[in-house]
Structure formats: structure tokens, C-alpha cells
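A.B. asks: Sharing start_9.cif (mmCIF, C-alpha atoms) below.
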```
data_coords
loop_
_atom_site.group_PDB
_atom_site.id
_atom_site.type_symbol
_atom_site.label_atom_id
_atom_site.label_comp_id
_atom_site.auth_asym_id
_atom_site.auth_seq_id
_atom_site.Cartn_x
_atom_site.Cartn_y
_atom_site.Cartn_z
ATOM 1 C CA PRO O 81 17.544 20.745 -4.726
ATOM 2 C CA ILE O 82 19.957 17.846 -4.114
ATOM 3 C CA GLN O 83 18.166 16.865 -0.898
ATOM 4 C CA THR O 84 14.826 16.980 -2.728
ATOM 5 C CA ILE O 85 16.185 14.636 -5.405
ATOM 6 C CA ASN O 86 17.568 12.294 -2.731
ATOM 7 C CA ASP O 87 14.230 12.325 -0.896
ATOM 8 C CA PHE O 88 12.363 11.575 -4.130
ATOM 9 C CA TYR O 89 14.749 8.725 -4.950
ATOM 10 C CA ASP O 90 14.270 7.228 -1.478
ATOM 11 C CA GLU O 91 10.476 7.397 -1.882
ATOM 12 C CA PHE O 92 10.751 5.883 -5.346
ATOM 13 C CA LYS O 93 12.797 2.938 -3.985
ATOM 14 C CA MET O 94 10.291 2.384 -1.174
ATOM 15 C CA ILE O 95 7.328 2.387 -3.578
ATOM 16 C CA SER O 96 9.159 0.034 -5.954
ATOM 17 C CA SER O 97 9.767 -2.340 -3.053
ATOM 18 C CA CYS O 98 6.077 -2.181 -2.115
ATOM 19 C CA HIS O 99 5.091 -3.030 -5.694
ATOM 20 C CA ARG O 100 7.404 -6.072 -5.672
ATOM 21 C CA GLU O 101 5.932 -7.259 -2.367
ATOM 22 C CA ARG O 102 2.396 -6.688 -3.617
ATOM 23 C CA LYS O 103 3.104 -8.605 -6.830
ATOM 24 C CA TRP O 104 4.515 -11.519 -4.827
ATOM 25 C CA MET O 105 1.457 -11.597 -2.553
ATOM 26 C CA ILE O 106 -0.938 -11.553 -5.500
ATOM 27 C CA GLU O 107 0.935 -14.318 -7.298
ATOM 28 C CA LYS O 108 1.676 -16.557 -4.299
ATOM 29 C CA GLN O 109 -1.275 -15.828 -2.010
ATOM 30 C CA GLU O 110 -4.087 -15.047 -4.417
ATOM 31 C CA HIS O 111 -6.639 -16.529 -2.008
ATOM 32 C CA LEU O 112 -5.511 -14.087 0.715
ATOM 33 C CA THR O 113 -5.449 -10.868 -1.316
ATOM 34 C CA ASN O 114 -7.876 -8.677 -3.187
ATOM 35 C CA TRP O 115 -7.808 -5.314 -4.931
ATOM 36 C CA ILE O 116 -9.535 -2.404 -3.247
ATOM 37 C CA PRO O 117 -10.201 0.982 -4.840
ATOM 38 C CA ILE O 118 -8.897 4.050 -3.031
ATOM 39 C CA VAL O 119 -10.612 7.289 -3.925
ATOM 40 C CA VAL O 120 -8.859 10.647 -3.649
ATOM 41 C CA PRO O 121 -11.352 13.522 -3.757
ATOM 42 C CA PHE O 122 -10.230 16.954 -4.969
ATOM 43 C CA THR O 123 -12.078 20.112 -3.978
ATOM 44 C CA LYS O 124 -9.473 22.567 -5.345
ATOM 45 C CA TRP O 125 -7.332 22.714 -8.454
ATOM 46 C CA ILE O 126 -4.414 24.310 -6.589
ATOM 47 C CA VAL O 127 -3.611 23.588 -2.932
ATOM 48 C CA TRP O 128 -2.014 26.365 -0.901
ATOM 49 C CA PRO O 129 -0.034 26.287 1.289
ATOM 50 C CA PRO O 130 1.566 23.388 -0.539
ATOM 51 C CA PRO O 131 1.670 20.004 1.200
ATOM 52 C CA PHE O 132 5.128 19.028 2.466
ATOM 53 C CA GLY O 133 6.261 22.632 1.913
ATOM 54 C CA HIS O 134 7.152 22.156 -1.762
ATOM 55 C CA TRP O 135 5.411 24.236 -4.426
ATOM 56 C CA LEU O 136 5.156 21.281 -6.827
ATOM 57 C CA PHE O 137 2.762 19.503 -4.439
ATOM 58 C CA SER O 138 0.365 22.436 -4.722
ATOM 59 C CA LEU O 139 -0.356 21.200 -8.262
ATOM 60 C CA PHE O 140 -1.226 17.649 -7.206
ATOM 61 C CA PRO O 141 -4.962 18.037 -7.954
ATOM 62 C CA VAL O 142 -4.037 18.825 -11.573
ATOM 63 C CA LEU O 143 -1.253 16.230 -11.803
ATOM 64 C CA ALA O 144 -2.986 13.371 -9.946
ATOM 65 C CA PRO O 145 -4.272 11.466 -13.010
ATOM 66 C CA ALA O 146 -0.763 11.374 -14.521
ATOM 67 C CA VAL O 147 0.833 10.543 -11.155
ATOM 68 C CA PHE O 148 -1.555 7.623 -10.620
ATOM 69 C CA LYS O 149 -0.877 6.314 -14.160
ATOM 70 C CA PHE O 150 2.844 6.497 -13.355
ATOM 71 C CA TYR O 151 2.075 4.565 -10.156
ATOM 72 C CA ASP O 152 0.198 1.960 -12.229
ATOM 73 C CA GLY O 153 3.234 1.729 -14.504
ATOM 74 C CA MET O 154 5.576 1.142 -11.567
ATOM 75 C CA SER O 155 3.612 -2.049 -10.894
ATOM 76 C CA GLY O 156 4.018 -3.163 -14.501
ATOM 77 C CA PHE O 157 0.310 -2.395 -14.911
ATOM 78 C CA ALA O 158 -0.450 -5.494 -12.816
ATOM 79 C CA CYS O 159 -3.173 -3.644 -10.922
ATOM 80 C CA PRO O 160 -6.582 -2.500 -12.148
ATOM 81 C CA PRO O 161 -6.060 0.812 -13.937
ATOM 82 C CA SER O 162 -6.440 4.089 -12.085
ATOM 83 C CA TYR O 163 -9.045 6.496 -13.408
ATOM 84 C CA SER O 164 -10.702 9.844 -12.797
ATOM 85 C CA ILE O 165 -14.403 10.448 -12.246
ATOM 86 C CA GLY O 166 -16.594 13.502 -12.028
ATOM 87 C CA LYS O 167 -18.623 14.729 -9.087
ATOM 88 C CA LYS O 168 -21.830 12.863 -9.981
ATOM 89 C CA LYS O 169 -20.209 9.467 -10.560
ATOM 90 C CA ALA O 170 -17.985 9.876 -7.476
ATOM 91 C CA GLY O 171 -21.093 10.400 -5.357
ATOM 92 C CA LYS O 172 -22.694 7.300 -6.838
ATOM 93 C CA LEU O 173 -19.650 4.976 -6.541
ATOM 94 C CA PHE O 174 -18.400 6.354 -3.211
ATOM 95 C CA PRO O 175 -21.443 7.656 -1.287
ATOM 96 C CA GLN O 176 -19.325 8.376 1.797
ATOM 97 C CA ILE O 177 -17.609 11.286 -0.020
ATOM 98 C CA ASN O 178 -18.787 14.791 0.761
ATOM 99 C CA ASP O 179 -19.269 16.067 -2.772
ATOM 100 C CA LYS O 180 -20.274 19.633 -1.833
ATOM 101 C CA ASP O 181 -17.211 21.337 -3.371
ATOM 102 C CA LEU O 182 -15.873 18.315 -5.250
ATOM 103 C CA LYS O 183 -14.134 19.086 -8.541
ATOM 104 C CA TYR O 184 -13.367 15.464 -9.396
ATOM 105 C CA ALA O 185 -11.974 12.309 -7.804
ATOM 106 C CA ALA O 186 -9.089 10.053 -8.765
ATOM 107 C CA VAL O 187 -9.267 6.333 -8.039
ATOM 108 C CA PHE O 188 -6.315 3.986 -7.763
ATOM 109 C CA TYR O 189 -5.996 0.443 -6.446
ATOM 110 C CA GLU O 190 -4.073 -1.220 -3.670
ATOM 111 C CA VAL O 191 -3.970 -4.806 -2.481
ATOM 112 C CA GLN O 192 -5.689 -5.754 0.731
ATOM 113 C CA HIS O 193 -3.974 -8.664 2.426
ATOM 114 C CA ASN O 194 -5.589 -10.912 4.998
ATOM 115 C CA ASP O 195 -2.685 -11.204 7.411
ATOM 116 C CA ALA O 196 -4.652 -13.210 9.988
ATOM 117 C CA ARG O 197 -5.319 -15.981 7.464
ATOM 118 C CA THR O 198 -1.668 -15.827 6.400
ATOM 119 C CA ASN O 199 -0.565 -16.398 9.996
ATOM 120 C CA ILE O 200 -2.935 -19.356 10.303
ATOM 121 C CA ALA O 201 -1.599 -20.797 7.029
ATOM 122 C CA ILE O 202 1.981 -20.457 8.317
ATOM 123 C CA ALA O 203 1.067 -22.183 11.598
ATOM 124 C CA MET O 204 -0.749 -25.006 9.798
ATOM 125 C CA THR O 205 2.185 -25.536 7.437
ATOM 126 C CA ALA O 206 4.575 -25.617 10.407
ATOM 127 C CA ALA O 207 2.378 -28.208 12.110
ATOM 128 C CA GLU O 208 2.338 -30.286 8.918
ATOM 129 C CA LYS O 209 6.131 -30.254 8.977
ATOM 130 C CA GLY O 210 6.248 -31.456 12.580
ATOM 131 C CA ALA O 211 6.353 -28.232 14.569
ATOM 132 C CA HIS O 212 4.403 -27.950 17.798
ATOM 133 C CA ILE O 213 2.125 -24.955 17.608
ATOM 134 C CA SER O 214 0.062 -23.341 20.307
ATOM 135 C CA ASN O 215 -1.686 -20.140 21.204
ATOM 136 C CA TYR O 216 -1.551 -18.248 24.503
ATOM 137 C CA VAL O 217 1.247 -20.089 26.261
ATOM 138 C CA GLU O 218 3.600 -18.954 28.991
ATOM 139 C CA MET O 219 7.311 -19.115 28.277
ATOM 140 C CA ILE O 220 9.252 -20.120 31.398
ATOM 141 C CA GLY O 221 12.692 -20.569 29.848
ATOM 142 C CA ALA O 222 14.794 -20.802 26.709
ATOM 143 C CA ILE O 223 16.540 -23.826 25.243
ATOM 144 C CA PHE O 224 20.058 -23.095 23.970
ATOM 145 C CA ASP O 225 22.360 -25.023 21.667
ATOM 146 C CA GLU O 226 26.112 -25.422 22.210
ATOM 147 C CA LYS O 227 26.745 -22.002 20.627
ATOM 148 C CA LYS O 228 24.374 -20.314 23.113
ATOM 149 C CA LYS O 229 21.800 -19.731 20.341
ATOM 150 C CA VAL O 230 18.126 -20.029 21.348
ATOM 151 C CA VAL O 231 16.629 -23.024 19.552
ATOM 152 C CA GLY O 232 13.418 -23.466 21.539
ATOM 153 C CA VAL O 233 11.370 -22.441 24.543
ATOM 154 C CA ARG O 234 9.940 -24.143 27.636
#
```
Could you write out this structure as C-alpha cells?

C.D. replies:
Amino acid sequence: PIQTINDFYDEFKMISSCHRERKWMIEKQEHLTNWIPIVVPFTKWIVWPPPFGHWLFSLFPVLAPAVFKFYDGMSGFACPPSYSIGKKKAGKLFPQINDKDLKYAAVFYEVQHNDARTNIAIAMTAAEKGAHISNYVEMIGAIFDEKKKVVGVR
């Protein structure tokens, strides 16, 4: 039980860190981020054998709505709210889902970040500040300062 609690705490810290990063990206790089819905389809009420080998995870289909609300709360409810939908609406909103044995679906949101545009913005800002930027160059040597720290390339 102690290891399980430690594992849960480690996961909790990681998710909290992700929420902080996501909040920063949304606030500072609004033009490079957008919310995307992630649908989790459930075809059973109880999953056996339990995922990750722990019996509690076998109940995830029943607990998912509460778990996703807790996840929303970890973000300070900064994201669009998670919700549950029935088979018919899931098929309409997410036509790629196989709804043959679908009981219901839970939907939560994550941030999609355009990292390519972020890299371009960083390069353009560096150029504005006087840096020389380039793409696809060959490095033939390093430039060192008096402390033998690399400060540039040739």
C-alpha cells in the first residue's frame, strides 16, 4: 500500500506540473495554443483484468466522470469542463468512434500547442535581439571562453 500511495503522489505531482505548464502556455502563448476535446469511450462498466494490475482501475468506467471533474479542478477549472455523453451523441460528435458496444463516453480537454510556430517565434525574437540565426548549417568547431565554456560555434 505504501508504494501505491507513493506512485499516486508522484503521478499527482507530474499532472500538477503539466497543469502549470499548460496554464502558462495558454496565458503567454494564446495565439499558439487551442483546446482540443479528447473522448474516452467505454464499452464495459467494469474492466477485468484491471489495468495496471490494481483492482481500483477496474472501476474506471464508473468513476471516470468524477475523475475527469477532479482533473478539471486540478487546473483551477481553467479548461473547458469535462462531460459525459451517451452512445447516440458520441456517434454524432465523434463519428470515428465504433459505437457498437458503447455504454457512454467521457470527454475532457487538453491544450494543443503549436511547437513549430513557437520555435520560429523564438528564432525571430533572437534575431531581433542581434543573434545570427540559420537553418541547416554545418558546425566545424566550437568557440570557447577563458573558462573553457562553449560560447559559440563555427

A.B. asks: Taking the file as shown, what set of residues would the PyMOL selection byres ((chain O and resi 147-158) around 8) give back, as a list in words?

C.D. replies: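 Matching residues under the PyMOL selection byres ((chain O and resi 147-158) around 8) are Ser96, His99, Arg100, Lys103, Leu143, Ala144, Pro145, Ala146, Cys159, Pro160, Pro161, Ser162 and Phe188 of chain O.
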
A.B. asks: Quote the spacing between atom CA of O:Lys209 and atom CA of O:Gly221 in Å to one decimal place.

C.D. replies: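 Computed distance, atom CA of O:Lys209 to atom CA of O:Gly221, equals 23.9 Å.
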
A.B. asks: Since I can't run it myself right now, could you work out what the PyMOL selection byres ((chain O and resi 181) around 12) selects here and report it as a VMD selection string?

C.D. replies: chain O and resid 121 to 125 166 to 168 171 177 to 180 182 to 185

A.B. asks: May I have the protein, DNA and RNA residues with an atom at most 10 Å from (-4.7, 25.6, -7.7), counting only C-alpha atoms in the file's coordinates, returned as an mmCIF file with C-alpha atoms, keeping the file's coordinate frame?

C.D. replies:
```
data_model
loop_
_atom_site.group_PDB
_atom_site.id
_atom_site.type_symbol
_atom_site.label_atom_id
_atom_site.label_comp_id
_atom_site.auth_asym_id
_atom_site.auth_seq_id
_atom_site.Cartn_x
_atom_site.Cartn_y
_atom_site.Cartn_z
ATOM 1 C CA THR O 123 -12.078 20.112 -3.978
ATOM 2 C CA LYS O 124 -9.473 22.567 -5.345
ATOM 3 C CA TRP O 125 -7.332 22.714 -8.454
ATOM 4 C CA ILE O 126 -4.414 24.310 -6.589
ATOM 5 C CA VAL O 127 -3.611 23.588 -2.932
ATOM 6 C CA TRP O 128 -2.014 26.365 -0.901
ATOM 7 C CA PRO O 130 1.566 23.388 -0.539
ATOM 8 C CA SER O 138 0.365 22.436 -4.722
ATOM 9 C CA LEU O 139 -0.356 21.200 -8.262
ATOM 10 C CA PHE O 140 -1.226 17.649 -7.206
ATOM 11 C CA PRO O 141 -4.962 18.037 -7.954
ATOM 12 C CA VAL O 142 -4.037 18.825 -11.573
#
```

A.B. asks: Quick one: of O:Lys228, O:Val233, O:Glu107, O:Thr84, who's nearest to O:Leu136, counting all atoms listed in the file?

C.D. replies: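 Of O:Lys228, O:Val233, O:Glu107, O:Thr84, the one nearest O:Leu136, counting all atoms listed in the file, is O:Thr84.
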
A.B. asks: Using the chain letters and numbering of this document, enumerate as a VMD selection string the residues selected by the PyMOL selection byres ((chain O and resi 111) around 12).

C.D. replies: chain O and resid 105 to 110 112 to 115 192 to 195 197 to 198 201

A.B. asks: Could the residues in this selection be saved with C-alpha atoms as a CSV table (one decimal), in the coordinates of the input?

C.D. replies:
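That gives us selection-v3.csv:
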```csv
chain,number,residue,atom,x,y,z
O,105,MET,CA,1.5,-11.6,-2.6
O,106,ILE,CA,-0.9,-11.6,-5.5
O,107,GLU,CA,0.9,-14.3,-7.3
O,108,LYS,CA,1.7,-16.6,-4.3
O,109,GLN,CA,-1.3,-15.8,-2.0
O,110,GLU,CA,-4.1,-15.0,-4.4
O,112,LEU,CA,-5.5,-14.1,0.7
O,113,THR,CA,-5.4,-10.9,-1.3
O,114,ASN,CA,-7.9,-8.7,-3.2
O,115,TRP,CA,-7.8,-5.3,-4.9
O,192,GLN,CA,-5.7,-5.8,0.7
O,193,HIS,CA,-4.0,-8.7,2.4
O,194,ASN,CA,-5.6,-10.9,5.0
O,195,ASP,CA,-2.7,-11.2,7.4
O,197,ARG,CA,-5.3,-16.0,7.5
O,198,THR,CA,-1.7,-15.8,6.4
O,201,ALA,CA,-1.6,-20.8,7.0
```

A.B. asks: Please report the interatomic distance between atom CA of O:Ala203 and atom CA of O:Val217 in Å with one decimal.

C.D. replies: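 These atoms are spaced 14.8 Å apart.
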
A.B. asks: To one decimal in Å, tell me the separation between atom CA of O:Gln176 and atom CA of O:Phe137.

C.D. replies: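 That distance, rounded to one decimal, is 25.5 Å.
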
A.B. asks: Have a look at O:Glu208, O:Glu218, O:Glu190, O:Glu226 and name the one nearest to O:Ile95; count all atoms listed in the file.

C.D. replies: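 Between O:Glu208, O:Glu218, O:Glu190, O:Glu226, the residue approaching O:Ile95 most closely is O:Glu190.
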
A.B. asks: Between O:Ala222, O:Ile202, O:Ile118, O:Trp135, which is the closest to O:Val187 once you count only C-alpha atoms?

C.D. replies: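 Once distances to O:Val187 are computed over only C-alpha atoms, the minimum belongs to O:Ile118.
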
A.B. asks: For stretch 201-214 of chain O, I'd like the enclosing box, axis-aligned and padded by 8 Å on every side, reported as AutoDock Vina command-line options with centre and edge lengths in Å to one decimal.

C.D. replies:
```
--center_x 2.4 --center_y -26.0 --center_z 13.7 --size_x 24.0 --size_y 27.0 --size_z 29.3
```

A.B. asks: Could you check the closest approach to O:Val120 for each of O:Phe132, O:Ile165, O:Gln83, O:Ala186 and tell me which residue wins, using only C-alpha atoms?

C.D. replies: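 When distances to O:Val120 are compared using only C-alpha atoms, the smallest one comes from O:Ala186.
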
A.B. asks: For N, CA, C and O atoms, please extract stretch 131-159 of chain O from the block and return it as a PDB file, in the first residue's frame.

C.D. replies:
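Wrote result_11.pdb, looks like this:
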```pdb
ATOM      1  N   PRO O 131      -6.650  -2.708 -15.385  1.00  0.00           N
ATOM      2  CA  PRO O 131      -5.461  -2.042 -15.926  1.00  0.00           C
ATOM      3  C   PRO O 131      -4.453  -1.745 -14.817  1.00  0.00           C
ATOM      4  O   PRO O 131      -4.837  -1.462 -13.685  1.00  0.00           O
ATOM      5  N   PHE O 132      -3.192  -1.851 -15.144  1.00  0.00           N
ATOM      6  CA  PHE O 132      -2.091  -1.581 -14.210  1.00  0.00           C
ATOM      7  C   PHE O 132      -2.089  -2.536 -13.019  1.00  0.00           C
ATOM      8  O   PHE O 132      -1.419  -2.287 -12.025  1.00  0.00           O
ATOM      9  N   GLY O 133      -2.887  -3.614 -13.093  1.00  0.00           N
ATOM     10  CA  GLY O 133      -2.860  -4.635 -12.052  1.00  0.00           C
ATOM     11  C   GLY O 133      -3.474  -4.236 -10.721  1.00  0.00           C
ATOM     12  O   GLY O 133      -3.312  -4.939  -9.730  1.00  0.00           O
ATOM     13  N   HIS O 134      -4.186  -3.137 -10.659  1.00  0.00           N
ATOM     14  CA  HIS O 134      -4.802  -2.707  -9.401  1.00  0.00           C
ATOM     15  C   HIS O 134      -6.315  -2.747  -9.549  1.00  0.00           C
ATOM     16  O   HIS O 134      -6.867  -2.187 -10.498  1.00  0.00           O
ATOM     17  N   TRP O 135      -6.985  -3.382  -8.585  1.00  0.00           N
ATOM     18  CA  TRP O 135      -8.434  -3.583  -8.691  1.00  0.00           C
ATOM     19  C   TRP O 135      -9.210  -2.279  -8.840  1.00  0.00           C
ATOM     20  O   TRP O 135     -10.244  -2.239  -9.490  1.00  0.00           O
ATOM     21  N   LEU O 136      -8.712  -1.179  -8.246  1.00  0.00           N
ATOM     22  CA  LEU O 136      -9.435   0.081  -8.316  1.00  0.00           C
ATOM     23  C   LEU O 136      -9.607   0.552  -9.766  1.00  0.00           C
ATOM     24  O   LEU O 136     -10.633   1.120 -10.133  1.00  0.00           O
ATOM     25  N   PHE O 137      -8.601   0.281 -10.613  1.00  0.00           N
ATOM     26  CA  PHE O 137      -8.683   0.700 -12.009  1.00  0.00           C
ATOM     27  C   PHE O 137      -9.757  -0.061 -12.779  1.00  0.00           C
ATOM     28  O   PHE O 137     -10.188   0.389 -13.837  1.00  0.00           O
ATOM     29  N   SER O 138     -10.195  -1.195 -12.263  1.00  0.00           N
ATOM     30  CA  SER O 138     -11.268  -1.925 -12.934  1.00  0.00           C
ATOM     31  C   SER O 138     -12.574  -1.135 -12.899  1.00  0.00           C
ATOM     32  O   SER O 138     -13.460  -1.342 -13.720  1.00  0.00           O
ATOM     33  N   LEU O 139     -12.686  -0.208 -11.962  1.00  0.00           N
ATOM     34  CA  LEU O 139     -13.896   0.609 -11.817  1.00  0.00           C
ATOM     35  C   LEU O 139     -13.833   1.922 -12.596  1.00  0.00           C
ATOM     36  O   LEU O 139     -14.757   2.735 -12.511  1.00  0.00           O
ATOM     37  N   PHE O 140     -12.776   2.131 -13.357  1.00  0.00           N
ATOM     38  CA  PHE O 140     -12.617   3.420 -14.041  1.00  0.00           C
ATOM     39  C   PHE O 140     -13.821   3.801 -14.908  1.00  0.00           C
ATOM     40  O   PHE O 140     -14.213   4.974 -14.907  1.00  0.00           O
ATOM     41  N   PRO O 141     -14.437   2.868 -15.641  1.00  0.00           N
ATOM     42  CA  PRO O 141     -15.613   3.283 -16.424  1.00  0.00           C
ATOM     43  C   PRO O 141     -16.719   3.920 -15.573  1.00  0.00           C
ATOM     44  O   PRO O 141     -17.407   4.831 -16.027  1.00  0.00           O
ATOM     45  N   VAL O 142     -16.857   3.473 -14.332  1.00  0.00           N
ATOM     46  CA  VAL O 142     -17.872   4.031 -13.439  1.00  0.00           C
ATOM     47  C   VAL O 142     -17.381   5.342 -12.825  1.00  0.00           C
ATOM     48  O   VAL O 142     -18.144   6.286 -12.657  1.00  0.00           O
ATOM     49  N   LEU O 143     -16.087   5.410 -12.523  1.00  0.00           N
ATOM     50  CA  LEU O 143     -15.516   6.560 -11.832  1.00  0.00           C
ATOM     51  C   LEU O 143     -15.062   7.690 -12.757  1.00  0.00           C
ATOM     52  O   LEU O 143     -14.768   8.793 -12.291  1.00  0.00           O
ATOM     53  N   ALA O 144     -14.988   7.432 -14.050  1.00  0.00           N
ATOM     54  CA  ALA O 144     -14.408   8.398 -14.998  1.00  0.00           C
ATOM     55  C   ALA O 144     -15.005   9.805 -14.900  1.00  0.00           C
ATOM     56  O   ALA O 144     -14.247  10.780 -14.876  1.00  0.00           O
ATOM     57  N   PRO O 145     -16.325   9.971 -14.847  1.00  0.00           N
ATOM     58  CA  PRO O 145     -16.848  11.342 -14.771  1.00  0.00           C
ATOM     59  C   PRO O 145     -16.303  12.105 -13.558  1.00  0.00           C
ATOM     60  O   PRO O 145     -15.904  13.264 -13.683  1.00  0.00           O
ATOM     61  N   ALA O 146     -16.236  11.447 -12.409  1.00  0.00           N
ATOM     62  CA  ALA O 146     -15.708  12.108 -11.203  1.00  0.00           C
ATOM     63  C   ALA O 146     -14.206  12.353 -11.335  1.00  0.00           C
ATOM     64  O   ALA O 146     -13.710  13.411 -10.931  1.00  0.00           O
ATOM     65  N   VAL O 147     -13.485  11.403 -11.909  1.00  0.00           N
ATOM     66  CA  VAL O 147     -12.038  11.556 -12.093  1.00  0.00           C
ATOM     67  C   VAL O 147     -11.747  12.734 -13.019  1.00  0.00           C
ATOM     68  O   VAL O 147     -10.853  13.538 -12.741  1.00  0.00           O
ATOM     69  N   PHE O 148     -12.506  12.855 -14.107  1.00  0.00           N
ATOM     70  CA  PHE O 148     -12.274  13.964 -15.035  1.00  0.00           C
ATOM     71  C   PHE O 148     -12.653  15.315 -14.412  1.00  0.00           C
ATOM     72  O   PHE O 148     -12.028  16.336 -14.702  1.00  0.00           O
ATOM     73  N   LYS O 149     -13.669  15.344 -13.559  1.00  0.00           N
ATOM     74  CA  LYS O 149     -14.003  16.596 -12.847  1.00  0.00           C
ATOM     75  C   LYS O 149     -12.872  16.956 -11.880  1.00  0.00           C
ATOM     76  O   LYS O 149     -12.522  18.128 -11.726  1.00  0.00           O
ATOM     77  N   PHE O 150     -12.296  15.951 -11.233  1.00  0.00           N
ATOM     78  CA  PHE O 150     -11.147  16.188 -10.356  1.00  0.00           C
ATOM     79  C   PHE O 150      -9.987  16.747 -11.181  1.00  0.00           C
ATOM     80  O   PHE O 150      -9.304  17.686 -10.760  1.00  0.00           O
ATOM     81  N   TYR O 151      -9.790  16.179 -12.369  1.00  0.00           N
ATOM     82  CA  TYR O 151      -8.748  16.658 -13.286  1.00  0.00           C
ATOM     83  C   TYR O 151      -9.009  18.110 -13.677  1.00  0.00           C
ATOM     84  O   TYR O 151      -8.095  18.931 -13.680  1.00  0.00           O
ATOM     85  N   ASP O 152     -10.267  18.443 -13.979  1.00  0.00           N
ATOM     86  CA  ASP O 152     -10.635  19.834 -14.267  1.00  0.00           C
ATOM     87  C   ASP O 152     -10.276  20.730 -13.083  1.00  0.00           C
ATOM     88  O   ASP O 152      -9.739  21.827 -13.257  1.00  0.00           O
ATOM     89  N   GLY O 153     -10.577  20.254 -11.880  1.00  0.00           N
ATOM     90  CA  GLY O 153     -10.300  21.023 -10.673  1.00  0.00           C
ATOM     91  C   GLY O 153      -8.817  21.248 -10.449  1.00  0.00           C
ATOM     92  O   GLY O 153      -8.406  22.298  -9.949  1.00  0.00           O
ATOM     93  N   MET O 154      -7.998  20.276 -10.827  1.00  0.00           N
ATOM     94  CA  MET O 154      -6.544  20.435 -10.671  1.00  0.00           C
ATOM     95  C   MET O 154      -6.029  21.599 -11.518  1.00  0.00           C
ATOM     96  O   MET O 154      -4.998  22.181 -11.214  1.00  0.00           O
ATOM     97  N   SER O 155      -6.753  21.926 -12.579  1.00  0.00           N
ATOM     98  CA  SER O 155      -6.334  23.046 -13.434  1.00  0.00           C
ATOM     99  C   SER O 155      -6.944  24.362 -12.953  1.00  0.00           C
ATOM    100  O   SER O 155      -6.789  25.383 -13.608  1.00  0.00           O
ATOM    101  N   GLY O 156      -7.646  24.320 -11.824  1.00  0.00           N
ATOM    102  CA  GLY O 156      -8.340  25.520 -11.369  1.00  0.00           C
ATOM    103  C   GLY O 156      -9.550  25.819 -12.245  1.00  0.00           C
ATOM    104  O   GLY O 156      -9.992  26.945 -12.336  1.00  0.00           O
ATOM    105  N   PHE O 157     -10.058  24.784 -12.896  1.00  0.00           N
ATOM    106  CA  PHE O 157     -11.188  24.900 -13.819  1.00  0.00           C
ATOM    107  C   PHE O 157     -10.910  25.911 -14.921  1.00  0.00           C
ATOM    108  O   PHE O 157     -11.801  26.617 -15.388  1.00  0.00           O
ATOM    109  N   ALA O 158      -9.632  25.976 -15.350  1.00  0.00           N
ATOM    110  CA  ALA O 158      -9.229  26.882 -16.428  1.00  0.00           C
ATOM    111  C   ALA O 158      -9.555  26.308 -17.799  1.00  0.00           C
ATOM    112  O   ALA O 158      -9.537  27.022 -18.796  1.00  0.00           O
ATOM    113  N   CYS O 159      -9.842  25.022 -17.849  1.00  0.00           N
ATOM    114  CA  CYS O 159     -10.127  24.369 -19.130  1.00  0.00           C
ATOM    115  C   CYS O 159     -11.639  24.283 -19.345  1.00  0.00           C
ATOM    116  O   CYS O 159     -12.412  24.443 -18.407  1.00  0.00           O
TER     117      CYS O 159
END
```
